2 protein chains.
Amino acid sequence: MGNPRSRPSIGDVAALAGVSLGTVSNVLNHPDRVSAATAEKVARAMAMLEYLPDGNARTLAAGSSRTVGIILPDLANSLFVDVARGAEAAAEEADHTLMIANSDTRLERESRYLRTFTQARVAGILLTLNDEEHYAAIAGGTPRSAPTVMLNLAVPVARSCSVSVDNALGGRLATQHLVDTGRRRLVFVGGPTTLDPIRHRERGFTDVVSASGATHVRTITPDGVNRSDGWAVGTGLVEDVRAGRVDGVVAATDLLAAGIVHALTAADVEVPGQVSVVGYDNNQAAWDSPIPISTVAQPGEAMGRAGAELVLAEARAGADHVHRAVVLEPTLVVRASTAGPTALMR
Amino acid sequence: MGNPRSRPSIGDVAALAGVSLGTVSNVLNHPDRVSAATAEKVARAMAMLEYLPDGNARTLAAGSSRTVGIILPDLANSLFVDVARGAEAAAEEADHTLMIANSDTRLERESRYLRTFTQARVAGILLTLNDEEHYAAIAGGTPRSAPTVMLNLAVPVARSCSVSVDNALGGRLATQHLVDTGRRRLVFVGGPTTLDPIRHRERGFTDVVSASGATHVRTITPDGVNRSDGWAVGTGLVEDVRAGRVDGVVAATDLLAAGIVHALTAADVEVPGQVSVVGYDNNQAAWDSPIPISTVAQPGEAMGRAGAELVLAEARAGADHVHRAVVLEPTLVVRASTAGPTALMR
DNA sequence: TTGTACGCGTTATCAA
DNA sequence: TTGATAACGCGTACAA
């Protein structure tokens, strides 16, 4: 069994320890069924040979592996790094391993990694999407696979578990904060409307605006949600702010907000003196901005953790599992970009 | 073969297509050995059953998988995200899949994921370390495994391939730039001395200092390399700068540099008017700082790409592979924190 | 408590 | 070109 070039197999261990093959397997998977003495012998043999069980053979025989796969849309976004952290912690506690794949928000890659994880027979898959269309495309075209929970996107609970953040609440939080600090002429800066979370944030915005009697001056929809897009938006807002037509901005992402603030201050508009700006995500971009930006923090780690726990629970439950939709709550983080006019940055 | 609950196997496809099992395998792995007509039949059967080959059985039989594993120390550092990107691109071109694991710089996790990848029989492993001690610990205690290439740390070429960046050159680049712009009283801000790359950066620093006749005022060694550490360092430098004892700072990371600049400007010290500051890594922190920070950019994507190519080459070559050590060159990125005194931020 | 034999889904070899 | 069959390394009933 096993020529010297290949890695030692369970048979080599058995031979060296002078026990049967099944016994070695037992010390690995059912230590209780084996006497302390033999367990010891076997352990020594394994150490001598530097034996490492073959995961593929194991998974093949057992039916599923002790790995959880997570598909992330953007590793450059610290939110998703937090998600990975949380998922990993939960997986680790359940004695599982987390494997991360980066989809770059591209549908083709999302489904490719989904396929890869499925073929690997992972115990569960965490799929992080922020685009409704991608979900629709994926929900249709994928063969039955491991338990999958959707992260960051609320989906019909009939189809799968999901963990999402209440984006409408986040929008309300940001907007209410502006209203509470005396702002009345508000602008919402969004992004591509296919991005589900952003649509919900805008809904929260409009809810508060109408309830509070503030004015929804307008919604601006840049092509993207990055700093450069924000810069363009901010430049376009300069005149409105100077004329007193706008005194508050809710941006759908921190990068957007950072760009807006940058453009505004570059034009000598005072933030928050003349206009307050709130971002979203609590990215590094928010606290790292010349004027630290107030923002809505998403519970990334909690999301990852909840996802991993759900998917593992589903893996255990099997057929009689019922899907659950967990909705987490974002929180407001107040910084200089919305403080009172006196709290200018020094 | 296969009760209705489990996924269809290659046997089910064979039965439905009316061919033998081996033939189905051939259309999958050796399409040339099969007639167009049967290939067509089989393809149709696979589609009907939504057949997906089992990766574990595949690698078990074939000996190794078409997956490359990468162990990253810190997903929050954009450098490593770039590395992952490059590795993924190269893997994809070779028709392989990249799996990412996050070690958080913890030795225990580094070796755990190494074990996981080894058990999974991945085609190759990319191990990103920045601590010499961890390398020593790992080089000793790991059973023979898949081809492994070290990223970010130059190791004896006798032991494995590696892709690293010339940190001494980076240190020279940063320091020479300071000297070229008229700075003479220089401080190096490092970090834990077990961090190999940082030691090399400091060596580059001292090389240029002595060659140029500038003064090495001192080296400061904070506990960590983050923004808060930088803030503390910057605060401590205020008096030295005011007194003209220090006019240039080379920091080992951008976060450090950002903290230093932040502390300095908060104390009304002009950057770069009174003191220039250079960072390292070209992180988001560098261009996102109130005063954008000059820095040394690491070729992260190139590093990942080279690593993946090396590891795949080694996997193909087998026994007669000879290790190679690739050393990449960093580049200087000049921004406001070192521009002439007139180029103050507005 | 320990050993035997079979099955997991695939690849690869060899005949036909 | 196609079909039968022996590995691949391990988990697990079942028998001893």
# chains A, B, ... in the order shown; residues from 1 in each chain; ligands from 1
>>> interface_residues(of="chain C", to="chain A", cutoff="10 Å", atoms="only C-alpha atoms (C1' of nucleotides)", output="MDAnalysis selection string")
chainID C and resid 1:4 7:9
>>> closest_atom_pairs(of="chain D", to="chain A", cutoff="8 Å", atoms="only C-alpha atoms (C1' of nucleotides)", output="tab-separated table")
residue	atom	partner	partner_atom	distance
D:DC8	C1'	A:Ala57	CA	7.9
D:DG9	C1'	A:Ala57	CA	5.0
D:DC10	C1'	A:Ala57	CA	5.2
D:DG11	C1'	A:Ala61	CA	5.5
>>> write_last_selection(atoms="C-alpha atoms (C1' of nucleotides)", output="PDB file, in the first residue's frame")
ATOM      1  C1'  DC D   8      -7.789   6.413  -5.578  1.00  0.00           C
ATOM      2  C1'  DG D   9      -8.164   6.791   0.162  1.00  0.00           C
ATOM      3  C1'  DC D  10     -11.424   6.605   3.384  1.00  0.00           C
ATOM      4  C1'  DG D  11     -16.054   5.730   6.271  1.00  0.00           C
TER       5       DG D  11
END
>>> atom_distance(atom1="CA of Pro73 in chain A", atom2="CA of Leu153 in chain B")
28.5 Å
>>> interface_residues(of="chain A", to="chain B", cutoff="7 Å", atoms="only C-alpha atoms", output="VMD selection string")
chain A and resid 50 52 to 57 59 to 60 75 to 76 78 81 99 to 101 119 to 120 143 266 288 to 290 346
>>> write_last_selection(atoms="C-alpha atoms", output="mmCIF file, in the first residue's frame")
data_model
loop_
_atom_site.group_PDB
_atom_site.id
_atom_site.type_symbol
_atom_site.label_atom_id
_atom_site.label_comp_id
_atom_site.auth_asym_id
_atom_site.auth_seq_id
_atom_site.Cartn_x
_atom_site.Cartn_y
_atom_site.Cartn_z
ATOM 1 C CA GLU A 50 3.398 12.509 9.215
ATOM 2 C CA LEU A 52 -2.551 13.540 6.976
ATOM 3 C CA PRO A 53 -5.955 12.139 6.022
ATOM 4 C CA ASP A 54 -6.931 12.830 2.444
ATOM 5 C CA GLY A 55 -9.779 15.275 2.501
ATOM 6 C CA ASN A 56 -11.168 14.226 -0.833
ATOM 7 C CA ALA A 57 -11.390 10.580 0.047
ATOM 8 C CA THR A 59 -15.540 13.810 1.786
ATOM 9 C CA LEU A 60 -16.264 11.274 -0.880
ATOM 10 C CA LEU A 75 -12.575 42.402 -1.067
ATOM 11 C CA ALA A 76 -11.655 46.065 -1.242
ATOM 12 C CA SER A 78 -14.082 46.561 4.363
ATOM 13 C CA VAL A 81 -13.893 41.713 4.982
ATOM 14 C CA MET A 99 -12.872 29.249 2.042
ATOM 15 C CA ILE A 100 -13.212 32.640 0.448
ATOM 16 C CA ALA A 101 -13.870 33.363 -3.190
ATOM 17 C CA GLN A 119 -18.593 20.257 -6.800
ATOM 18 C CA ALA A 120 -16.383 20.322 -3.737
ATOM 19 C CA PRO A 143 -28.433 22.485 -9.849
ATOM 20 C CA ALA A 266 -12.241 72.248 -2.474
ATOM 21 C CA ASP A 288 -10.098 58.557 7.033
ATOM 22 C CA SER A 289 -11.500 61.558 5.233
ATOM 23 C CA PRO A 290 -10.082 65.065 5.855
ATOM 24 C CA ARG A 346 -8.968 72.168 12.848
#
>>> residues_around(residues="DA16 in chain C", least_positions_apart="3", cutoff="10 Å", atoms="only C-alpha atoms (C1' of nucleotides)", output="ChimeraX atom specification")
/D:2-4
>>> write_last_selection(atoms="N, CA, C and O atoms (P, O5', C5', C4', C3', O3' and C1' of nucleotides)", output="mmCIF file, in the first residue's frame")
data_model
loop_
_atom_site.group_PDB
_atom_site.id
_atom_site.type_symbol
_atom_site.label_atom_id
_atom_site.label_comp_id
_atom_site.auth_asym_id
_atom_site.auth_seq_id
_atom_site.Cartn_x
_atom_site.Cartn_y
_atom_site.Cartn_z
ATOM 1 P P DT D 2 -17.667 6.653 -29.733
ATOM 2 O "O5'" DT D 2 -17.455 5.346 -28.868
ATOM 3 C "C5'" DT D 2 -18.114 4.155 -29.245
ATOM 4 C "C4'" DT D 2 -17.697 3.017 -28.328
ATOM 5 C "C3'" DT D 2 -18.179 3.147 -26.879
ATOM 6 O "O3'" DT D 2 -19.173 2.154 -26.675
ATOM 7 C "C1'" DT D 2 -15.955 2.293 -27.025
ATOM 8 P P DG D 3 -19.981 2.244 -25.312
ATOM 9 O "O5'" DG D 3 -19.319 1.041 -24.511
ATOM 10 C "C5'" DG D 3 -19.214 -0.220 -25.137
ATOM 11 C "C4'" DG D 3 -18.444 -1.187 -24.251
ATOM 12 C "C3'" DG D 3 -18.890 -1.194 -22.786
ATOM 13 O "O3'" DG D 3 -18.979 -2.547 -22.338
ATOM 14 C "C1'" DG D 3 -16.562 -0.725 -22.908
ATOM 15 P P DA D 4 -19.657 -2.843 -20.961
ATOM 16 O "O5'" DA D 4 -18.417 -3.339 -20.104
ATOM 17 C "C5'" DA D 4 -17.812 -4.595 -20.410
ATOM 18 C "C4'" DA D 4 -16.516 -4.777 -19.638
ATOM 19 C "C3'" DA D 4 -16.666 -4.875 -18.122
ATOM 20 O "O3'" DA D 4 -15.913 -5.993 -17.667
ATOM 21 C "C1'" DA D 4 -15.079 -3.199 -18.691
#
>>> residues_around(residues="Thr194 in chain A", least_positions_apart="6", cutoff="9 Å", atoms="only C-alpha atoms (C1' of nucleotides)", output="list in words")
Asn130, Asp131, Glu132 and Glu133 of chain A
>>> decode(residues="range 219-231 of chain B", atoms="all heavy atoms", output="short mmCIF file (atom, residue, chain, number, x, y, z; two decimals), in the first residue's frame")
data_model
loop_
_atom_site.label_atom_id
_atom_site.label_comp_id
_atom_site.auth_asym_id
_atom_site.auth_seq_id
_atom_site.Cartn_x
_atom_site.Cartn_y
_atom_site.Cartn_z
N THR B 219 15.75 56.25 14.86
CA THR B 219 14.72 55.30 14.43
C THR B 219 13.73 55.15 15.56
O THR B 219 14.11 54.99 16.72
CB THR B 219 15.35 53.93 14.10
OG1 THR B 219 16.08 54.03 12.87
CG2 THR B 219 14.26 52.87 13.95
N ILE B 220 12.47 55.23 15.19
CA ILE B 220 11.42 55.07 16.20
C ILE B 220 10.72 53.75 15.94
O ILE B 220 10.42 53.40 14.80
CB ILE B 220 10.40 56.23 16.11
CG1 ILE B 220 11.13 57.56 16.35
CG2 ILE B 220 9.28 56.03 17.12
CD1 ILE B 220 10.24 58.77 16.14
N THR B 221 10.48 53.01 16.99
CA THR B 221 9.89 51.69 16.83
C THR B 221 8.61 51.56 17.64
O THR B 221 8.64 51.12 18.78
CB THR B 221 10.88 50.61 17.30
OG1 THR B 221 12.13 50.80 16.61
CG2 THR B 221 10.35 49.23 16.97
N PRO B 222 7.50 51.93 17.03
CA PRO B 222 6.22 51.78 17.76
C PRO B 222 5.85 50.31 17.89
O PRO B 222 6.45 49.45 17.23
CB PRO B 222 5.23 52.52 16.86
CG PRO B 222 5.85 52.52 15.50
CD PRO B 222 7.33 52.48 15.69
N ASP B 223 4.85 50.05 18.72
CA ASP B 223 4.45 48.66 18.94
C ASP B 223 3.80 48.05 17.70
O ASP B 223 3.93 46.87 17.44
CB ASP B 223 3.45 48.59 20.10
CG ASP B 223 4.13 48.95 21.41
OD1 ASP B 223 5.36 48.79 21.50
OD2 ASP B 223 3.42 49.39 22.33
N GLY B 224 3.08 48.88 16.96
CA GLY B 224 2.38 48.35 15.79
C GLY B 224 2.63 49.22 14.59
O GLY B 224 3.45 50.13 14.62
N VAL B 225 1.92 48.93 13.52
CA VAL B 225 2.12 49.71 12.31
C VAL B 225 0.82 50.34 11.83
O VAL B 225 0.58 50.51 10.65
CB VAL B 225 2.69 48.82 11.18
CG1 VAL B 225 4.11 48.41 11.52
CG2 VAL B 225 1.82 47.60 10.96
N ASN B 226 -0.04 50.67 12.78
CA ASN B 226 -1.32 51.24 12.40
C ASN B 226 -1.41 52.74 12.65
O ASN B 226 -0.50 53.35 13.20
CB ASN B 226 -2.45 50.53 13.14
CG ASN B 226 -2.55 49.08 12.70
OD1 ASN B 226 -2.46 48.79 11.51
ND2 ASN B 226 -2.66 48.18 13.66
N ARG B 227 -2.53 53.27 12.27
CA ARG B 227 -2.74 54.70 12.36
C ARG B 227 -2.54 55.25 13.77
O ARG B 227 -1.90 56.29 13.98
CB ARG B 227 -4.14 55.05 11.88
CG ARG B 227 -4.53 56.50 12.01
CD ARG B 227 -5.91 56.67 11.45
NE ARG B 227 -5.92 56.15 10.10
CZ ARG B 227 -5.79 56.91 9.02
NH1 ARG B 227 -5.66 58.22 9.14
NH2 ARG B 227 -5.80 56.37 7.83
N SER B 228 -3.06 54.53 14.74
CA SER B 228 -2.95 55.01 16.11
C SER B 228 -1.48 55.05 16.55
O SER B 228 -1.05 55.97 17.25
CB SER B 228 -3.77 54.13 17.06
OG SER B 228 -3.34 52.79 16.94
N ASP B 229 -0.73 54.06 16.12
CA ASP B 229 0.70 54.06 16.43
C ASP B 229 1.35 55.29 15.78
O ASP B 229 2.21 55.93 16.38
CB ASP B 229 1.36 52.79 15.91
CG ASP B 229 0.69 51.53 16.44
OD1 ASP B 229 0.68 51.36 17.67
OD2 ASP B 229 0.16 50.74 15.65
N GLY B 230 0.92 55.57 14.57
CA GLY B 230 1.47 56.72 13.86
C GLY B 230 1.15 58.03 14.59
O GLY B 230 1.98 58.93 14.69
N TRP B 231 -0.07 58.10 15.08
CA TRP B 231 -0.47 59.30 15.80
C TRP B 231 0.46 59.56 16.99
O TRP B 231 0.94 60.67 17.21
CB TRP B 231 -1.93 59.18 16.28
CG TRP B 231 -2.37 60.32 17.13
CD1 TRP B 231 -2.16 60.48 18.46
CD2 TRP B 231 -3.07 61.49 16.70
NE1 TRP B 231 -2.68 61.66 18.89
CE2 TRP B 231 -3.26 62.31 17.84
CE3 TRP B 231 -3.58 61.92 15.48
CZ2 TRP B 231 -3.92 63.54 17.79
CZ3 TRP B 231 -4.24 63.15 15.42
CH2 TRP B 231 -4.40 63.95 16.56
#
